[in-house]
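Heads up, model.cif below (mmCIF, C-alpha atoms):
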```
data_run
loop_
_atom_site.group_PDB
_atom_site.id
_atom_site.type_symbol
_atom_site.label_atom_id
_atom_site.label_comp_id
_atom_site.auth_asym_id
_atom_site.auth_seq_id
_atom_site.Cartn_x
_atom_site.Cartn_y
_atom_site.Cartn_z
ATOM 1 C CA GLY A 91 -17.308 -17.183 7.027
ATOM 2 C CA THR A 92 -18.406 -17.244 10.657
ATOM 3 C CA LEU A 93 -14.925 -18.289 11.811
ATOM 4 C CA ARG A 94 -13.282 -15.357 10.007
ATOM 5 C CA MET A 95 -15.859 -12.920 11.391
ATOM 6 C CA ALA A 96 -15.204 -14.211 14.895
ATOM 7 C CA VAL A 97 -11.485 -13.670 14.414
ATOM 8 C CA LEU A 98 -11.835 -10.091 13.162
ATOM 9 C CA ARG A 99 -14.584 -8.956 15.543
ATOM 10 C CA GLY A 100 -12.353 -7.452 18.191
ATOM 11 C CA LEU A 101 -9.594 -5.995 16.036
ATOM 12 C CA ALA A 102 -10.791 -2.402 16.070
ATOM 13 C CA THR A 103 -10.238 -2.056 19.796
ATOM 14 C CA LYS A 104 -7.395 -4.462 20.527
ATOM 15 C CA ALA A 105 -5.111 -4.720 17.480
ATOM 16 C CA GLY A 106 -1.752 -3.126 17.910
ATOM 17 C CA ALA A 107 -2.326 -1.882 21.491
ATOM 18 C CA PRO A 108 1.038 -1.580 23.240
ATOM 19 C CA ALA A 109 1.521 -3.595 26.396
ATOM 20 C CA ARG A 110 2.674 -1.870 29.593
ATOM 21 C CA ARG A 111 6.436 -1.844 29.930
ATOM 22 C CA PRO A 112 8.508 -1.710 33.112
ATOM 23 C CA PRO A 113 10.184 1.651 33.836
ATOM 24 C CA ARG A 114 13.370 2.193 31.909
ATOM 25 C CA ARG A 115 16.647 2.416 33.813
ATOM 26 C CA ARG A 116 18.538 5.682 33.552
ATOM 27 C CA PRO A 117 21.638 5.089 31.421
ATOM 28 C CA SER A 118 25.008 5.660 32.946
ATOM 29 C CA PRO A 119 27.191 8.522 31.643
ATOM 30 C CA SER A 120 29.623 6.010 30.184
ATOM 31 C CA SER A 121 26.913 4.368 28.105
ATOM 32 C CA LEU A 122 25.838 7.750 26.753
ATOM 33 C CA SER A 123 29.309 8.694 25.675
ATOM 34 C CA SER A 124 30.171 5.357 24.087
ATOM 35 C CA PRO A 125 29.037 5.164 20.423
ATOM 36 C CA SER A 126 29.364 1.388 20.398
ATOM 37 C CA SER A 127 26.774 1.040 23.178
ATOM 38 C CA ARG A 128 24.019 2.651 21.135
ATOM 39 C CA PRO A 129 22.048 0.622 18.578
ATOM 40 C CA PRO A 130 22.617 1.833 15.014
ATOM 41 C CA ALA A 131 19.763 3.913 13.632
ATOM 42 C CA ASP A 132 17.931 2.436 10.682
ATOM 43 C CA PHE A 133 17.898 5.181 8.061
ATOM 44 C CA ARG A 134 14.828 3.701 6.412
ATOM 45 C CA PHE A 135 12.632 4.640 9.368
ATOM 46 C CA ARG A 136 14.043 7.956 10.487
ATOM 47 C CA LEU A 137 10.902 9.574 9.088
ATOM 48 C CA GLY A 138 8.672 7.077 10.878
ATOM 49 C CA SER A 139 8.525 5.380 14.224
ATOM 50 C CA SER A 140 10.389 2.115 14.635
ATOM 51 C CA THR A 141 8.909 0.178 17.557
ATOM 52 C CA ARG A 142 11.027 -2.972 17.547
ATOM 53 C CA GLU A 143 11.617 -2.750 21.306
ATOM 54 C CA ARG A 144 7.907 -2.529 22.200
ATOM 55 C CA VAL A 145 5.532 -5.372 22.975
ATOM 56 C CA PHE A 146 2.009 -5.195 21.533
ATOM 57 C CA GLU A 147 -0.978 -7.003 22.954
ATOM 58 C CA GLY A 148 -2.825 -8.529 20.013
ATOM 59 C CA GLN A 149 -6.123 -10.325 19.637
ATOM 60 C CA PHE A 150 -4.413 -13.717 20.046
ATOM 61 C CA GLY A 151 -1.396 -12.856 22.171
ATOM 62 C CA ALA A 152 1.572 -10.541 22.495
ATOM 63 C CA TRP A 153 3.841 -9.809 19.544
ATOM 64 C CA ARG A 154 6.838 -7.703 18.592
ATOM 65 C CA VAL A 155 7.984 -5.875 15.493
ATOM 66 C CA GLU A 156 10.813 -7.914 13.964
ATOM 67 C CA LYS A 157 13.370 -6.799 11.394
ATOM 68 C CA GLU A 158 11.546 -8.835 8.745
ATOM 69 C CA ASP A 159 8.377 -6.860 9.496
ATOM 70 C CA GLU A 160 10.238 -3.569 9.100
ATOM 71 C CA ASP A 161 11.697 -4.764 5.795
ATOM 72 C CA GLU A 162 8.220 -5.593 4.484
ATOM 73 C CA VAL A 163 6.813 -2.233 5.571
ATOM 74 C CA PHE A 164 9.769 -0.464 3.975
ATOM 75 C CA ALA A 165 9.193 -2.322 0.681
ATOM 76 C CA TYR A 166 5.476 -1.508 0.790
ATOM 77 C CA ARG A 167 6.077 2.193 1.347
ATOM 78 C CA LEU A 168 8.928 2.402 -1.134
ATOM 79 C CA GLY A 169 6.770 0.776 -3.819
ATOM 80 C CA LEU A 170 4.035 3.357 -3.261
ATOM 81 C CA ASN A 171 6.508 6.216 -3.568
ATOM 82 C CA VAL A 172 8.145 4.787 -6.690
ATOM 83 C CA CYS A 173 4.730 4.401 -8.299
ATOM 84 C CA ALA A 174 3.573 7.888 -7.313
ATOM 85 C CA ALA A 175 6.781 9.520 -8.564
ATOM 86 C CA SER A 176 6.888 7.538 -11.813
ATOM 87 C CA PHE A 177 3.243 8.067 -12.677
ATOM 88 C CA GLY A 178 3.627 11.716 -11.724
ATOM 89 C CA LEU A 179 6.377 12.000 -14.342
ATOM 90 C CA LEU A 180 3.940 10.767 -16.983
ATOM 91 C CA ILE A 181 1.809 13.920 -16.705
ATOM 92 C CA PRO A 182 4.323 16.589 -17.814
ATOM 93 C CA ALA A 183 6.051 14.153 -20.186
ATOM 94 C CA SER A 184 2.832 13.297 -22.016
ATOM 95 C CA LEU A 185 1.255 16.776 -21.952
ATOM 96 C CA LEU A 186 4.237 19.073 -22.493
ATOM 97 C CA ALA A 187 6.693 17.053 -24.555
ATOM 98 C CA PRO A 188 5.902 17.075 -28.318
ATOM 99 C CA ALA A 189 5.012 13.693 -29.770
ATOM 100 C CA SER A 190 7.888 14.064 -32.250
ATOM 101 C CA LEU A 191 10.466 14.570 -29.497
ATOM 102 C CA PRO A 192 13.110 11.812 -29.716
ATOM 103 C CA GLY A 193 12.942 9.422 -26.799
ATOM 104 C CA ARG A 194 9.547 10.658 -25.583
ATOM 105 C CA ASP A 195 7.856 7.279 -25.945
ATOM 106 C CA ALA A 196 10.779 5.488 -24.323
ATOM 107 C CA VAL A 197 10.561 7.776 -21.283
ATOM 108 C CA LEU A 198 6.783 7.286 -21.023
ATOM 109 C CA ASN A 199 7.071 3.510 -21.260
ATOM 110 C CA ALA A 200 9.914 3.420 -18.742
ATOM 111 C CA ALA A 201 8.002 5.558 -16.241
ATOM 112 C CA TYR A 202 4.856 3.480 -16.682
ATOM 113 C CA THR A 203 6.765 0.210 -16.273
ATOM 114 C CA VAL A 204 8.722 1.339 -13.207
ATOM 115 C CA GLY A 205 5.584 2.746 -11.581
ATOM 116 C CA SER A 206 3.624 -0.433 -12.244
ATOM 117 C CA LEU A 207 6.394 -2.622 -10.834
ATOM 118 C CA GLY A 208 6.598 -0.390 -7.779
ATOM 119 C CA PHE A 209 2.902 -0.702 -7.076
ATOM 120 C CA GLY A 210 3.015 -4.443 -7.721
ATOM 121 C CA THR A 211 5.710 -4.670 -5.048
ATOM 122 C CA SER A 212 3.464 -2.801 -2.615
ATOM 123 C CA LEU A 213 0.585 -5.173 -3.311
ATOM 124 C CA TYR A 214 2.860 -8.126 -2.619
ATOM 125 C CA PHE A 215 3.874 -6.815 0.812
ATOM 126 C CA ILE A 216 0.619 -5.147 1.867
ATOM 127 C CA HIS A 217 -0.891 -6.454 5.110
ATOM 128 C CA ILE A 218 -4.618 -7.172 4.854
ATOM 129 C CA TYR A 219 -6.400 -9.440 7.315
ATOM 130 C CA ILE A 220 -8.884 -10.782 4.772
ATOM 131 C CA THR A 221 -6.816 -12.801 2.325
ATOM 132 C CA PRO A 222 -9.455 -12.876 -0.472
ATOM 133 C CA ALA A 223 -9.489 -9.063 -0.478
ATOM 134 C CA LYS A 224 -5.714 -8.994 -0.919
ATOM 135 C CA ARG A 225 -5.884 -11.587 -3.704
ATOM 136 C CA PHE A 226 -8.626 -9.567 -5.397
ATOM 137 C CA LEU A 227 -6.471 -6.432 -5.488
ATOM 138 C CA GLN A 228 -3.528 -8.460 -6.775
ATOM 139 C CA GLY A 229 -5.785 -9.992 -9.435
ATOM 140 C CA LEU A 230 -6.879 -6.531 -10.586
ATOM 141 C CA PHE A 231 -3.253 -5.470 -10.835
ATOM 142 C CA LEU A 232 -2.363 -8.570 -12.855
ATOM 143 C CA ALA A 233 -5.310 -7.984 -15.202
ATOM 144 C CA GLY A 234 -4.178 -4.397 -15.756
ATOM 145 C CA ALA A 235 -0.601 -5.506 -16.372
ATOM 146 C CA LEU A 236 -1.772 -8.042 -18.959
ATOM 147 C CA GLY A 237 -3.963 -5.362 -20.523
ATOM 148 C CA SER A 238 -0.930 -3.104 -20.788
ATOM 149 C CA LEU A 239 0.944 -5.870 -22.607
ATOM 150 C CA PHE A 240 -1.986 -6.145 -24.994
ATOM 151 C CA VAL A 241 -1.782 -2.406 -25.674
ATOM 152 C CA LEU A 242 1.900 -2.892 -26.464
ATOM 153 C CA SER A 243 0.926 -5.198 -29.334
ATOM 154 C CA ARG A 244 -1.505 -2.749 -30.974
ATOM 155 C CA ASP A 245 -0.791 -1.166 -34.356
ATOM 156 C CA GLY A 246 0.402 2.401 -34.222
ATOM 157 C CA PHE A 247 1.773 1.871 -30.745
ATOM 158 C CA GLY A 248 4.181 4.430 -29.356
ATOM 159 C CA SER A 249 3.825 4.152 -25.609
ATOM 160 C CA VAL A 250 1.176 2.761 -23.269
ATOM 161 C CA PRO A 251 0.297 6.195 -21.781
ATOM 162 C CA GLY A 252 0.308 7.816 -25.209
ATOM 163 C CA TYR A 253 -1.906 5.101 -26.675
ATOM 164 C CA VAL A 254 -4.398 5.412 -23.811
ATOM 165 C CA VAL A 255 -4.530 9.195 -24.256
ATOM 166 C CA GLU A 256 -5.279 8.847 -27.974
ATOM 167 C CA HIS A 257 -7.632 5.853 -27.614
ATOM 168 C CA PRO A 258 -10.007 6.347 -24.638
ATOM 169 C CA GLY A 259 -11.461 2.852 -25.105
ATOM 170 C CA SER A 260 -8.134 1.353 -24.080
ATOM 171 C CA VAL A 261 -8.956 2.354 -20.507
ATOM 172 C CA TRP A 262 -10.713 -1.022 -20.319
ATOM 173 C CA PHE A 263 -7.319 -2.733 -20.702
ATOM 174 C CA VAL A 264 -5.246 -0.726 -18.213
ATOM 175 C CA GLY A 265 -8.118 0.251 -15.926
ATOM 176 C CA PRO A 266 -7.901 -2.780 -13.596
ATOM 177 C CA LEU A 267 -4.397 -1.752 -12.556
ATOM 178 C CA PHE A 268 -5.720 1.637 -11.486
ATOM 179 C CA ALA A 269 -8.683 -0.047 -9.818
ATOM 180 C CA SER A 270 -6.171 -1.790 -7.545
ATOM 181 C CA ILE A 271 -4.739 1.648 -6.687
ATOM 182 C CA THR A 272 -8.275 2.723 -5.820
ATOM 183 C CA GLY A 273 -8.599 -0.289 -3.524
ATOM 184 C CA VAL A 274 -5.380 0.473 -1.666
ATOM 185 C CA GLY A 275 -6.404 4.104 -1.270
ATOM 186 C CA PHE A 276 -9.755 3.050 0.160
ATOM 187 C CA LYS A 277 -8.110 0.548 2.530
ATOM 188 C CA GLU A 278 -5.645 3.155 3.797
ATOM 189 C CA GLY A 279 -8.396 5.721 4.215
ATOM 190 C CA VAL A 280 -10.631 3.391 6.201
ATOM 191 C CA CYS A 281 -7.832 2.003 8.386
ATOM 192 C CA TYR A 282 -5.989 5.243 9.161
ATOM 193 C CA GLN A 283 -8.486 7.991 8.255
ATOM 194 C CA LYS A 284 -6.041 9.485 5.752
ATOM 195 C CA ARG A 285 -7.796 12.201 3.777
ATOM 196 C CA GLU A 286 -5.324 11.991 0.897
ATOM 197 C CA ALA A 287 -5.977 8.240 0.682
ATOM 198 C CA PHE A 288 -9.742 8.785 0.451
ATOM 199 C CA ALA A 289 -9.099 11.471 -2.177
ATOM 200 C CA LEU A 290 -6.937 9.051 -4.183
ATOM 201 C CA ALA A 291 -9.673 6.407 -4.026
ATOM 202 C CA ALA A 292 -12.218 8.921 -5.349
ATOM 203 C CA LEU A 293 -10.071 10.660 -7.971
ATOM 204 C CA THR A 294 -8.752 7.506 -9.654
ATOM 205 C CA PRO A 295 -12.082 6.178 -11.001
ATOM 206 C CA LEU A 296 -13.243 9.746 -11.709
ATOM 207 C CA LEU A 297 -10.196 10.354 -13.901
ATOM 208 C CA LEU A 298 -10.582 7.082 -15.789
ATOM 209 C CA LEU A 299 -14.321 7.504 -16.364
ATOM 210 C CA THR A 300 -13.856 11.108 -17.494
ATOM 211 C CA HIS A 301 -11.340 10.004 -20.117
ATOM 212 C CA LEU A 302 -13.318 6.929 -21.152
ATOM 213 C CA THR A 303 -16.580 8.812 -21.735
ATOM 214 C CA ARG A 304 -15.057 12.112 -22.954
ATOM 215 C CA ALA A 305 -17.711 13.669 -20.750
ATOM 216 C CA PHE A 306 -16.569 17.248 -21.363
ATOM 217 C CA GLY A 307 -16.455 17.057 -25.156
ATOM 218 C CA GLU A 308 -13.991 19.470 -26.683
ATOM 219 C CA ASN A 309 -12.932 20.601 -23.236
ATOM 220 C CA SER A 310 -12.041 17.068 -22.165
ATOM 221 C CA PRO A 311 -8.266 17.386 -22.779
ATOM 222 C CA ALA A 312 -7.988 20.456 -20.537
ATOM 223 C CA VAL A 313 -10.227 18.972 -17.834
ATOM 224 C CA GLU A 314 -8.364 15.659 -17.896
ATOM 225 C CA ALA A 315 -5.015 17.424 -17.685
ATOM 226 C CA GLY A 316 -6.209 19.228 -14.575
ATOM 227 C CA LEU A 317 -7.518 16.020 -13.045
ATOM 228 C CA CYS A 318 -4.264 14.234 -13.824
ATOM 229 C CA SER A 319 -2.274 16.942 -12.069
ATOM 230 C CA ILE A 320 -4.501 16.800 -8.983
ATOM 231 C CA TRP A 321 -4.393 12.999 -8.984
ATOM 232 C CA SER A 322 -0.595 12.931 -9.202
ATOM 233 C CA ALA A 323 -0.207 15.456 -6.381
ATOM 234 C CA THR A 324 -2.672 13.510 -4.234
ATOM 235 C CA PHE A 325 -0.932 10.189 -4.867
ATOM 236 C CA LEU A 326 2.490 11.639 -4.060
ATOM 237 C CA SER A 327 1.168 13.311 -0.903
ATOM 238 C CA PHE A 328 -0.342 10.024 0.251
ATOM 239 C CA ALA A 329 2.828 8.039 -0.517
ATOM 240 C CA LEU A 330 5.086 10.508 1.296
ATOM 241 C CA SER A 331 2.793 10.575 4.339
ATOM 242 C CA LYS A 332 3.405 6.854 4.843
ATOM 243 C CA TRP A 333 7.014 7.484 5.945
ATOM 244 C CA SER A 334 5.896 9.387 9.060
ATOM 245 C CA GLN A 335 3.440 6.671 10.105
ATOM 246 C CA PRO A 336 4.397 4.271 12.936
ATOM 247 C CA VAL A 337 5.743 1.027 11.508
ATOM 248 C CA HIS A 338 3.453 -1.221 13.539
ATOM 249 C CA GLU A 339 0.352 0.333 11.987
ATOM 250 C CA ASP A 340 1.247 -1.033 8.557
ATOM 251 C CA ILE A 341 1.839 -4.436 10.118
ATOM 252 C CA GLY A 342 -1.532 -4.632 11.843
ATOM 253 C CA ASP A 343 -2.136 -7.236 14.535
ATOM 254 C CA LYS A 344 0.508 -9.853 13.797
ATOM 255 C CA SER A 345 -1.139 -12.328 16.162
ATOM 256 C CA VAL A 346 -4.128 -12.481 13.813
ATOM 257 C CA PHE A 347 -1.939 -13.368 10.827
ATOM 258 C CA THR A 348 -0.283 -16.070 12.927
ATOM 259 C CA PHE A 349 -3.700 -17.380 13.935
ATOM 260 C CA MET A 350 -4.876 -17.468 10.322
ATOM 261 C CA LYS A 351 -1.986 -19.759 9.380
ATOM 262 C CA LEU A 352 -3.078 -22.407 11.908
ATOM 263 C CA PRO A 353 -5.128 -25.445 10.842
ATOM 264 C CA GLU A 354 -8.866 -24.878 11.130
ATOM 265 C CA LYS A 355 -9.208 -27.373 13.992
ATOM 266 C CA GLU A 356 -6.589 -25.512 15.977
ATOM 267 C CA GLN A 357 -8.363 -22.224 15.266
ATOM 268 C CA GLN A 358 -11.634 -23.717 16.489
ATOM 269 C CA ARG A 359 -9.955 -24.969 19.657
ATOM 270 C CA ILE A 360 -8.472 -21.548 20.426
ATOM 271 C CA LEU A 361 -11.760 -19.759 19.809
ATOM 272 C CA LYS A 362 -13.630 -22.248 21.981
ATOM 273 C CA SER A 363 -11.168 -21.842 24.844
ATOM 274 C CA ARG A 364 -11.467 -18.042 24.575
ATOM 275 C CA ASN A 365 -15.256 -18.223 24.739
ATOM 276 C CA GLU A 366 -15.076 -20.342 27.870
ATOM 277 C CA LEU A 367 -13.015 -17.768 29.752
#
```

Exercise: express the given structure as structure tokens:
Amino acid sequence: GTLRMAVLRGLATKAGAPARRPPRRRPSPSSLSSPSSRPPADFRFRLGSSTRERVFEGQFGAWRVEKEDEDEVFAYRLGLNVCAASFGLLIPASLLAPASLPGRDAVLNAAYTVGSLGFGTSLYFIHIYITPAKRFLQGLFLAGALGSLFVLSRDGFGSVPGYVVEHPGSVWFVGPLFASITGVGFKEGVCYQKREAFALAALTPLLLLTHLTRAFGENSPAVEAGLCSIWSATFLSFALSKWSQPVHEDIGDKSVFTFMKLPEKEQQRILKSRNEL
């Protein structure tokens, strides 16, 4: 409790601040013309900012972005985009395709499964300082995944999305998975002030509650279709915006994660020595 608060107290002002670097030497003409002298560009981060060469001054010491860190950030962002694209496919497939269309249920189930696995991957690689908060989001996702398996076993089952549309009460089974999406949206909004992330965090529970309660009566299908479309566009906009974000922001202050892995006695010793300075 108090130890964790002491660790996190200074993060807002110090985490991820780049250390001052010495002036860069002007490259020689031969180095500019030689392809072999240039480091290969990593296609995964052409839309973002790879900062592997920079040194960051963290709360508990300097740190660098390693290839493993970039791989984790890439997996996190890719999972978000896979989920947003797959769940976005569910909207036109469930609303426009006739229920009697061959293969409709298979497409809906495949999109729902791929999207869920994508978001589960993101939750595995997400960087959150407070471990219980991360475990809570992962627990919500697992509960929603188990609820989806329960829906699979119901009589008259065609597809998970189709069953939820026809049986509003089944929101209780799949809802925890979407609650974890709400949590990630809130985290991203608070950390990076992303408006689309805040919108995702607000629209997700609104959509689920609107369907669960059938608040608009006979007009509920039309209202829910509109909300689904807005939610899908918001989710996709948020997921795509992650590619242009600097890589180190999704890592956070790596020195804090290193500190958290130390034995408690060692943490106490470090904190005591810092207080004595």

What's the 9 Å shell around stretch 213-221 of chain A, counting all atoms listed in the file, without same-chain residues fewer than 3 positions away, as number ranges by chain? A: 94, 98, 162-163, 165-166, 169, 208-210, 224-228, 231, 270, 274, 277, 340-343, 346-347, 350

How would the residues just picked look written out with C-alpha atoms as an mmCIF file, in the coordinates of the input?
```cif
data_model
loop_
_atom_site.group_PDB
_atom_site.id
_atom_site.type_symbol
_atom_site.label_atom_id
_atom_site.label_comp_id
_atom_site.auth_asym_id
_atom_site.auth_seq_id
_atom_site.Cartn_x
_atom_site.Cartn_y
_atom_site.Cartn_z
ATOM 1 C CA ARG A 94 -13.282 -15.357 10.007
ATOM 2 C CA LEU A 98 -11.835 -10.091 13.162
ATOM 3 C CA GLU A 162 8.220 -5.593 4.484
ATOM 4 C CA VAL A 163 6.813 -2.233 5.571
ATOM 5 C CA ALA A 165 9.193 -2.322 0.681
ATOM 6 C CA TYR A 166 5.476 -1.508 0.790
ATOM 7 C CA GLY A 169 6.770 0.776 -3.819
ATOM 8 C CA GLY A 208 6.598 -0.390 -7.779
ATOM 9 C CA PHE A 209 2.902 -0.702 -7.076
ATOM 10 C CA GLY A 210 3.015 -4.443 -7.721
ATOM 11 C CA LYS A 224 -5.714 -8.994 -0.919
ATOM 12 C CA ARG A 225 -5.884 -11.587 -3.704
ATOM 13 C CA PHE A 226 -8.626 -9.567 -5.397
ATOM 14 C CA LEU A 227 -6.471 -6.432 -5.488
ATOM 15 C CA GLN A 228 -3.528 -8.460 -6.775
ATOM 16 C CA PHE A 231 -3.253 -5.470 -10.835
ATOM 17 C CA SER A 270 -6.171 -1.790 -7.545
ATOM 18 C CA VAL A 274 -5.380 0.473 -1.666
ATOM 19 C CA LYS A 277 -8.110 0.548 2.530
ATOM 20 C CA ASP A 340 1.247 -1.033 8.557
ATOM 21 C CA ILE A 341 1.839 -4.436 10.118
ATOM 22 C CA GLY A 342 -1.532 -4.632 11.843
ATOM 23 C CA ASP A 343 -2.136 -7.236 14.535
ATOM 24 C CA VAL A 346 -4.128 -12.481 13.813
ATOM 25 C CA PHE A 347 -1.939 -13.368 10.827
ATOM 26 C CA MET A 350 -4.876 -17.468 10.322
#
```

So which residues get picked by the PyMOL selection byres ((chain A and resi 345) around 8) here, written as number ranges by chain? A: 148-153, 343-344, 346-349

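Nearest-residue note for A:Ala315: choosing from A:Ile181, A:Leu293, A:Ala196, A:Ala329, the minimum distance belongs to A:Ile181, counting only C-alpha atoms.
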
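Here atom CA of A:Trp262 and atom CA of A:Ala305 stand 16.3 Å from one another.
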
Can you list what the PyMOL selection byres ((chain A and resi 250) around 8) grabs from this structure, as a ChimeraX atom specification? /A:198-199,202,238,241-242,247-249,251-254
